[in-house]
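Okay, start16.cif is below, mmCIF, C-alpha atoms, pLDDT in the B column; chains and numbers go by the auth columns:
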```
data_coords
loop_
_atom_site.group_PDB
_atom_site.id
_atom_site.type_symbol
_atom_site.label_atom_id
_atom_site.label_comp_id
_atom_site.label_asym_id
_atom_site.label_seq_id
_atom_site.Cartn_x
_atom_site.Cartn_y
_atom_site.Cartn_z
_atom_site.B_iso_or_equiv
_atom_site.auth_seq_id
_atom_site.auth_asym_id
ATOM 1 C CA MET A 1 37.922 148.611 92.639 89.00 695 L
ATOM 2 C CA LYS A 2 34.885 146.466 91.957 93.00 696 L
ATOM 3 C CA ARG A 3 33.290 145.941 88.578 96.00 697 L
ATOM 4 C CA VAL A 4 29.578 145.538 87.915 96.00 698 L
ATOM 5 C CA ILE A 5 27.745 144.817 84.681 97.00 699 L
ATOM 6 C CA GLY A 6 24.163 145.991 84.416 98.00 700 L
ATOM 7 C CA PHE A 7 21.768 144.444 81.908 98.00 701 L
ATOM 8 C CA ASP A 8 18.529 145.765 80.444 97.00 702 L
ATOM 9 C CA PRO A 9 16.919 142.571 79.084 96.00 703 L
ATOM 10 C CA GLY A 10 15.138 142.317 75.763 95.00 704 L
ATOM 11 C CA LEU A 11 14.768 140.004 72.801 95.00 705 L
ATOM 12 C CA ALA A 12 15.586 142.396 69.944 96.00 706 L
ATOM 13 C CA ILE A 13 17.980 144.508 72.021 97.00 707 L
ATOM 14 C CA VAL A 14 19.795 143.762 75.278 98.00 708 L
ATOM 15 C CA GLY A 15 21.471 146.780 76.840 98.00 709 L
ATOM 16 C CA TYR A 16 24.653 146.433 78.875 98.00 710 L
ATOM 17 C CA GLY A 17 26.681 148.852 80.964 98.00 711 L
ATOM 18 C CA ILE A 18 29.924 148.206 82.798 98.00 712 L
ATOM 19 C CA ILE A 19 31.090 150.399 85.690 98.00 713 L
ATOM 20 C CA ASP A 20 34.083 150.242 88.000 97.00 714 L
ATOM 21 C CA TYR A 21 33.608 151.712 91.487 94.00 715 L
ATOM 22 C CA ASP A 22 35.596 151.981 94.695 89.00 716 L
ATOM 23 C CA GLY A 23 32.840 151.743 97.304 75.00 717 L
ATOM 24 C CA PHE A 24 32.639 155.519 97.665 73.00 718 L
ATOM 25 C CA ASN A 25 31.618 158.070 95.057 76.00 719 L
ATOM 26 C CA ASN A 26 34.247 157.174 92.486 87.00 720 L
ATOM 27 C CA LYS A 27 32.676 155.538 89.445 93.00 721 L
ATOM 28 C CA LYS A 28 34.138 154.993 86.006 95.00 722 L
ATOM 29 C CA VAL A 29 32.316 153.827 82.900 97.00 723 L
ATOM 30 C CA VAL A 30 34.264 150.979 81.346 98.00 724 L
ATOM 31 C CA ASP A 31 31.956 150.256 78.413 98.00 725 L
ATOM 32 C CA TYR A 32 28.334 150.227 77.355 98.00 726 L
ATOM 33 C CA GLY A 33 26.335 149.174 74.350 98.00 727 L
ATOM 34 C CA VAL A 34 23.754 146.732 73.088 98.00 728 L
ATOM 35 C CA ILE A 35 23.409 143.188 71.872 98.00 729 L
ATOM 36 C CA ASN A 36 21.146 143.084 68.808 98.00 730 L
ATOM 37 C CA THR A 37 19.332 140.009 67.559 98.00 731 L
ATOM 38 C CA PRO A 38 18.098 140.102 63.956 97.00 732 L
ATOM 39 C CA LYS A 39 14.325 139.822 63.495 95.00 733 L
ATOM 40 C CA HIS A 40 14.762 137.460 60.567 97.00 734 L
ATOM 41 C CA GLU A 41 16.475 134.844 62.753 97.00 735 L
ATOM 42 C CA SER A 42 14.494 132.101 64.465 97.00 736 L
ATOM 43 C CA PHE A 43 13.544 132.567 68.097 96.00 737 L
ATOM 44 C CA PRO A 44 15.978 129.884 69.375 97.00 738 L
ATOM 45 C CA THR A 45 18.791 131.424 67.310 98.00 739 L
ATOM 46 C CA ARG A 46 18.102 134.844 68.813 98.00 740 L
ATOM 47 C CA LEU A 47 18.280 133.321 72.303 98.00 741 L
ATOM 48 C CA ALA A 48 21.594 131.666 71.392 98.00 742 L
ATOM 49 C CA ILE A 49 22.951 135.018 70.163 98.00 743 L
ATOM 50 C CA ILE A 50 22.069 136.588 73.527 98.00 744 L
ATOM 51 C CA TYR A 51 23.634 133.731 75.485 97.00 745 L
ATOM 52 C CA LYS A 52 26.871 133.855 73.480 97.00 746 L
ATOM 53 C CA ALA A 53 27.175 137.650 73.624 98.00 747 L
ATOM 54 C CA VAL A 54 26.477 137.841 77.377 97.00 748 L
ATOM 55 C CA THR A 55 29.005 135.078 78.044 96.00 749 L
ATOM 56 C CA GLU A 56 31.616 136.864 75.911 97.00 750 L
ATOM 57 C CA LEU A 57 31.023 140.186 77.715 97.00 751 L
ATOM 58 C CA ILE A 58 31.447 138.516 81.098 96.00 752 L
ATOM 59 C CA GLU A 59 34.602 136.707 79.978 96.00 753 L
ATOM 60 C CA LYS A 60 36.055 139.942 78.545 97.00 754 L
ATOM 61 C CA TYR A 61 35.258 142.278 81.454 97.00 755 L
ATOM 62 C CA LYS A 62 35.347 139.826 84.389 96.00 756 L
ATOM 63 C CA PRO A 63 32.768 141.536 86.634 96.00 757 L
ATOM 64 C CA ASP A 64 32.607 141.001 90.365 93.00 758 L
ATOM 65 C CA GLU A 65 28.814 141.295 90.260 93.00 759 L
ATOM 66 C CA ILE A 66 26.025 141.387 87.712 95.00 760 L
ATOM 67 C CA ALA A 67 22.751 143.291 88.028 96.00 761 L
ATOM 68 C CA ALA A 68 19.688 142.806 85.833 96.00 762 L
ATOM 69 C CA GLU A 69 16.359 144.543 85.576 95.00 763 L
ATOM 70 C CA GLU A 70 13.292 142.494 86.417 92.00 764 L
ATOM 71 C CA LEU A 71 10.548 142.430 83.817 81.00 765 L
ATOM 72 C CA PHE A 72 7.453 144.534 83.920 69.00 766 L
ATOM 73 C CA PHE A 73 4.886 144.428 81.142 61.00 767 L
ATOM 74 C CA ASN A 74 1.210 145.090 81.100 62.00 768 L
ATOM 75 C CA THR A 75 0.161 145.224 77.456 65.00 769 L
ATOM 76 C CA ASN A 76 1.297 142.530 75.022 65.00 770 L
ATOM 77 C CA ILE A 77 1.552 139.182 76.807 69.00 771 L
ATOM 78 C CA THR A 78 3.085 137.425 73.758 68.00 772 L
ATOM 79 C CA THR A 79 5.905 139.942 73.538 73.00 773 L
ATOM 80 C CA GLY A 80 6.342 139.726 77.303 81.00 774 L
ATOM 81 C CA ILE A 81 6.740 135.963 77.176 88.00 775 L
ATOM 82 C CA ASN A 82 9.411 136.195 74.468 90.00 776 L
ATOM 83 C CA VAL A 83 11.282 138.844 76.435 91.00 777 L
ATOM 84 C CA ALA A 84 10.995 136.636 79.528 92.00 778 L
ATOM 85 C CA HIS A 85 12.646 133.795 77.607 94.00 779 L
ATOM 86 C CA ALA A 86 15.450 136.149 76.536 95.00 780 L
ATOM 87 C CA ARG A 87 15.860 137.369 80.116 95.00 781 L
ATOM 88 C CA GLY A 88 16.046 133.773 81.314 95.00 782 L
ATOM 89 C CA VAL A 89 18.896 133.079 78.911 96.00 783 L
ATOM 90 C CA LEU A 90 20.652 136.248 80.072 96.00 784 L
ATOM 91 C CA LEU A 91 20.269 135.226 83.733 95.00 785 L
ATOM 92 C CA LEU A 92 21.511 131.711 83.036 94.00 786 L
ATOM 93 C CA ALA A 93 24.600 132.965 81.195 95.00 787 L
ATOM 94 C CA SER A 94 25.263 135.480 83.977 94.00 788 L
ATOM 95 C CA ILE A 95 24.953 133.105 86.907 91.00 789 L
ATOM 96 C CA HIS A 96 27.090 130.465 85.186 89.00 790 L
ATOM 97 C CA ALA A 97 29.833 132.864 84.117 88.00 791 L
ATOM 98 C CA CYS A 98 29.984 135.119 87.195 84.00 792 L
ATOM 99 C CA GLY A 99 28.206 133.294 89.992 83.00 793 L
ATOM 100 C CA CYS A 100 26.824 136.480 91.551 83.00 794 L
ATOM 101 C CA LEU A 101 23.607 138.020 90.256 91.00 795 L
ATOM 102 C CA TYR A 102 21.305 140.737 91.614 93.00 796 L
ATOM 103 C CA GLU A 103 17.879 141.794 90.333 93.00 797 L
ATOM 104 C CA TYR A 104 16.152 145.177 90.518 94.00 798 L
ATOM 105 C CA THR A 105 12.591 146.156 89.708 93.00 799 L
ATOM 106 C CA PRO A 106 11.859 149.169 87.496 93.00 800 L
ATOM 107 C CA LEU A 107 10.533 150.943 90.613 93.00 801 L
ATOM 108 C CA GLN A 108 13.785 150.330 92.514 93.00 802 L
ATOM 109 C CA ILE A 109 15.785 151.680 89.579 95.00 803 L
ATOM 110 C CA LYS A 110 13.640 154.807 89.254 94.00 804 L
ATOM 111 C CA GLN A 111 13.873 155.499 92.984 94.00 805 L
ATOM 112 C CA ALA A 112 17.636 154.935 93.102 93.00 806 L
ATOM 113 C CA MET A 113 18.261 157.150 90.090 95.00 807 L
ATOM 114 C CA THR A 114 15.823 160.013 90.737 94.00 808 L
ATOM 115 C CA GLY A 115 14.294 159.536 94.192 91.00 809 L
ATOM 116 C CA TYR A 116 10.908 159.261 92.482 89.00 810 L
ATOM 117 C CA GLY A 117 9.258 155.947 91.611 86.00 811 L
ATOM 118 C CA ARG A 118 7.315 157.359 88.676 88.00 812 L
ATOM 119 C CA ALA A 119 10.227 159.057 86.916 92.00 813 L
ATOM 120 C CA ASP A 120 10.240 158.847 83.136 93.00 814 L
ATOM 121 C CA LYS A 121 13.008 157.482 80.924 91.00 815 L
ATOM 122 C CA LYS A 122 14.430 160.917 80.113 94.00 816 L
ATOM 123 C CA GLN A 123 14.824 161.764 83.816 95.00 817 L
ATOM 124 C CA ILE A 124 16.574 158.466 84.500 95.00 818 L
ATOM 125 C CA GLN A 125 18.889 158.864 81.522 95.00 819 L
ATOM 126 C CA GLU A 126 19.811 162.396 82.552 96.00 820 L
ATOM 127 C CA MET A 127 20.670 161.179 86.047 96.00 821 L
ATOM 128 C CA VAL A 128 22.850 158.433 84.527 97.00 822 L
ATOM 129 C CA ARG A 129 24.721 161.196 82.688 96.00 823 L
ATOM 130 C CA VAL A 130 25.064 163.270 85.871 95.00 824 L
ATOM 131 C CA TYR A 131 26.094 160.408 88.185 94.00 825 L
ATOM 132 C CA LEU A 132 28.736 159.202 85.737 95.00 826 L
ATOM 133 C CA GLY A 133 30.005 162.678 84.806 94.00 827 L
ATOM 134 C CA LEU A 134 29.339 162.167 81.105 95.00 828 L
ATOM 135 C CA GLN A 135 29.040 164.941 78.530 96.00 829 L
ATOM 136 C CA LYS A 136 25.982 163.372 76.882 96.00 830 L
ATOM 137 C CA VAL A 137 23.318 160.828 77.752 96.00 831 L
ATOM 138 C CA PRO A 138 24.578 157.407 76.633 96.00 832 L
ATOM 139 C CA LYS A 139 22.982 156.070 73.461 96.00 833 L
ATOM 140 C CA PRO A 140 21.166 153.944 72.549 96.00 834 L
ATOM 141 C CA ASP A 141 18.516 154.130 75.268 96.00 835 L
ATOM 142 C CA ASP A 142 18.926 150.444 76.148 97.00 836 L
ATOM 143 C CA ALA A 143 22.591 151.037 77.024 98.00 837 L
ATOM 144 C CA ALA A 144 21.661 154.021 79.217 97.00 838 L
ATOM 145 C CA ASP A 145 19.041 151.852 80.924 97.00 839 L
ATOM 146 C CA ALA A 146 21.657 149.154 81.571 98.00 840 L
ATOM 147 C CA LEU A 147 23.998 151.743 83.106 98.00 841 L
ATOM 148 C CA ALA A 148 21.066 152.780 85.335 98.00 842 L
ATOM 149 C CA VAL A 149 20.746 149.154 86.486 97.00 843 L
ATOM 150 C CA ALA A 150 24.476 149.023 87.311 97.00 844 L
ATOM 151 C CA LEU A 151 24.273 152.378 89.123 96.00 845 L
ATOM 152 C CA THR A 152 21.254 151.195 91.114 95.00 846 L
ATOM 153 C CA HIS A 153 23.264 148.208 92.262 94.00 847 L
ATOM 154 C CA ILE A 154 26.198 150.406 93.244 93.00 848 L
ATOM 155 C CA GLN A 155 24.081 153.058 94.989 89.00 849 L
ATOM 156 C CA THR A 156 21.979 150.601 96.950 86.00 850 L
ATOM 157 C CA GLY A 157 24.980 148.554 98.024 77.00 851 L
ATOM 158 C CA GLY A 158 23.576 145.399 96.486 65.00 852 L
ATOM 159 C CA PHE A 159 20.479 145.575 98.659 57.00 853 L
ATOM 160 C CA SER A 160 18.363 143.391 96.419 55.00 854 L
ATOM 161 C CA ASP A 161 17.537 139.794 95.671 56.00 855 L
ATOM 162 C CA LYS A 162 20.864 138.027 95.290 59.00 856 L
ATOM 163 C CA PHE A 163 21.343 134.737 93.545 59.00 857 L
ATOM 164 C CA SER A 164 24.591 132.846 93.772 58.00 858 L
ATOM 165 C CA ILE A 165 26.029 129.492 92.803 58.00 859 L
ATOM 166 C CA LYS A 166 29.455 130.021 94.357 51.00 860 L
#
```
Output the structure of this file as structure tokens.
Amino acid sequence: MKRVIGFDPGLAIVGYGIIDYDGFNNKKVVDYGVINTPKHESFPTRLAIIYKAVTELIEKYKPDEIAAEELFFNTNITTGINVAHARGVLLLASIHACGCLYEYTPLQIKQAMTGYGRADKKQIQEMVRVYLGLQKVPKPDDAADALAVALTHIQTGGFSDKFSIK
């Protein structure tokens, strides 16, 4: 069995999803959830919270591979920059703790999950439920999105940009 952690980056909320798989169709959800950073904390403190939490998740679950969603934003550039900083911290923690990191665009995730590059969030979340044999769509949405990232990695066989320091 291999273990992958998927991350849905954010500043206020970082989603994570952990899946074990055997290289065939057998997948098992190990855990999922979110890392929250309080709005009242300073920006550097929020980044430190993300770094610490990501490092602790990796130490606890010992993944073989980590997958993260690439950023896409087209409205608020200030918010996008802050999220990019948070994503950078997440990537740094991941590559240092695991040594094997893959990145997927929103389009790649939508296509892997639904076969349609313009699928909406609800469609993706429903396919996460179906692919993992869950009774309900995982909540909160950020955790479901992170599971979608992990599933994309599994279903595409890691056919993405790979970064490694091993």
task: In Å, rounded to a single decimal, give me how far CA of Arg697 in chain L is from CA of Asp714 in chain L.
output: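 We find that CA of Asp714 in chain L and CA of Arg697 in chain L lie 4.4 Å from each other.
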- request: Determine the residue set returned by the PyMOL selection byres ((chain L and resi 777) around 10) for the present structure, and present it as a PyMOL selection string.
  value: chain L and resi 703-708+741+765+767+771-776+778-783
- prompt: Hey, can you check how far CA of Gly809 in chain L sits from CA of Thr846 in chain L?
  reply: 11.3 Å
Do you know which residues are at most 9 Å from Tyr726 in chain L counting all atoms listed in the file, after dropping those on the same chain fewer than 2 positions away, and could you put them as a compact mmCIF listing (two decimals) with C-alpha atoms, keeping the file's coordinate frame?
```txt
# COMPACT_ATOMS: atom_id res chain seq x y z
CA GLY L 709 21.47 146.78 76.84
CA TYR L 710 24.65 146.43 78.88
CA GLY L 711 26.68 148.85 80.96
CA ILE L 712 29.92 148.21 82.80
CA ILE L 713 31.09 150.40 85.69
CA VAL L 723 32.32 153.83 82.90
CA VAL L 724 34.26 150.98 81.35
CA VAL L 728 23.75 146.73 73.09
CA PRO L 832 24.58 157.41 76.63
CA LYS L 833 22.98 156.07 73.46
CA ALA L 837 22.59 151.04 77.02
CA ALA L 838 21.66 154.02 79.22
CA ALA L 840 21.66 149.15 81.57
CA LEU L 841 24.00 151.74 83.11
```
task: Using the chain letters and numbers from the file, give me the residues hit by the PyMOL selection byres ((chain L and resi 790-793) around 10), as a VMD selection string.
output: chain L and resid 748 to 753 756 to 760 785 to 789 794 to 795 857 to 860
Give me the box for range 775-793 of chain L as JSON, namely the centre and edge lengths in Å to one decimal of a box along x, y and z that holds every listed atom plus 8 Å on each side.
```
{"center_x": 18.4, "center_y": 134.7, "center_z": 82.2, "size_x": 39.2, "size_y": 24.4, "size_z": 31.5}
```
task: Would you work out the distance separating CA of Leu826 in chain L from CA of Ala844 in chain L, expressed in Å to one decimal?
output: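 Value for the CA of Leu826 in chain L-CA of Ala844 in chain L distance: 11.1 Å.
Using only C-alpha atoms, the residues found no farther than 8 Å from Val831 in chain L, other than those of its own chain fewer than 4 positions away, are L:Gln819, L:Glu820, L:Val822, L:Arg823, L:Ala838.
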- prompt: Residues at most 12 Å from Tyr798 in chain L, counting only C-alpha atoms, excluding those fewer than 3 positions away in the same chain, as an NGL selection string?
  reply: :L and (700-703 or 760-766 or 795 or 801-806 or 840 or 842-848 or 850 or 852-856)
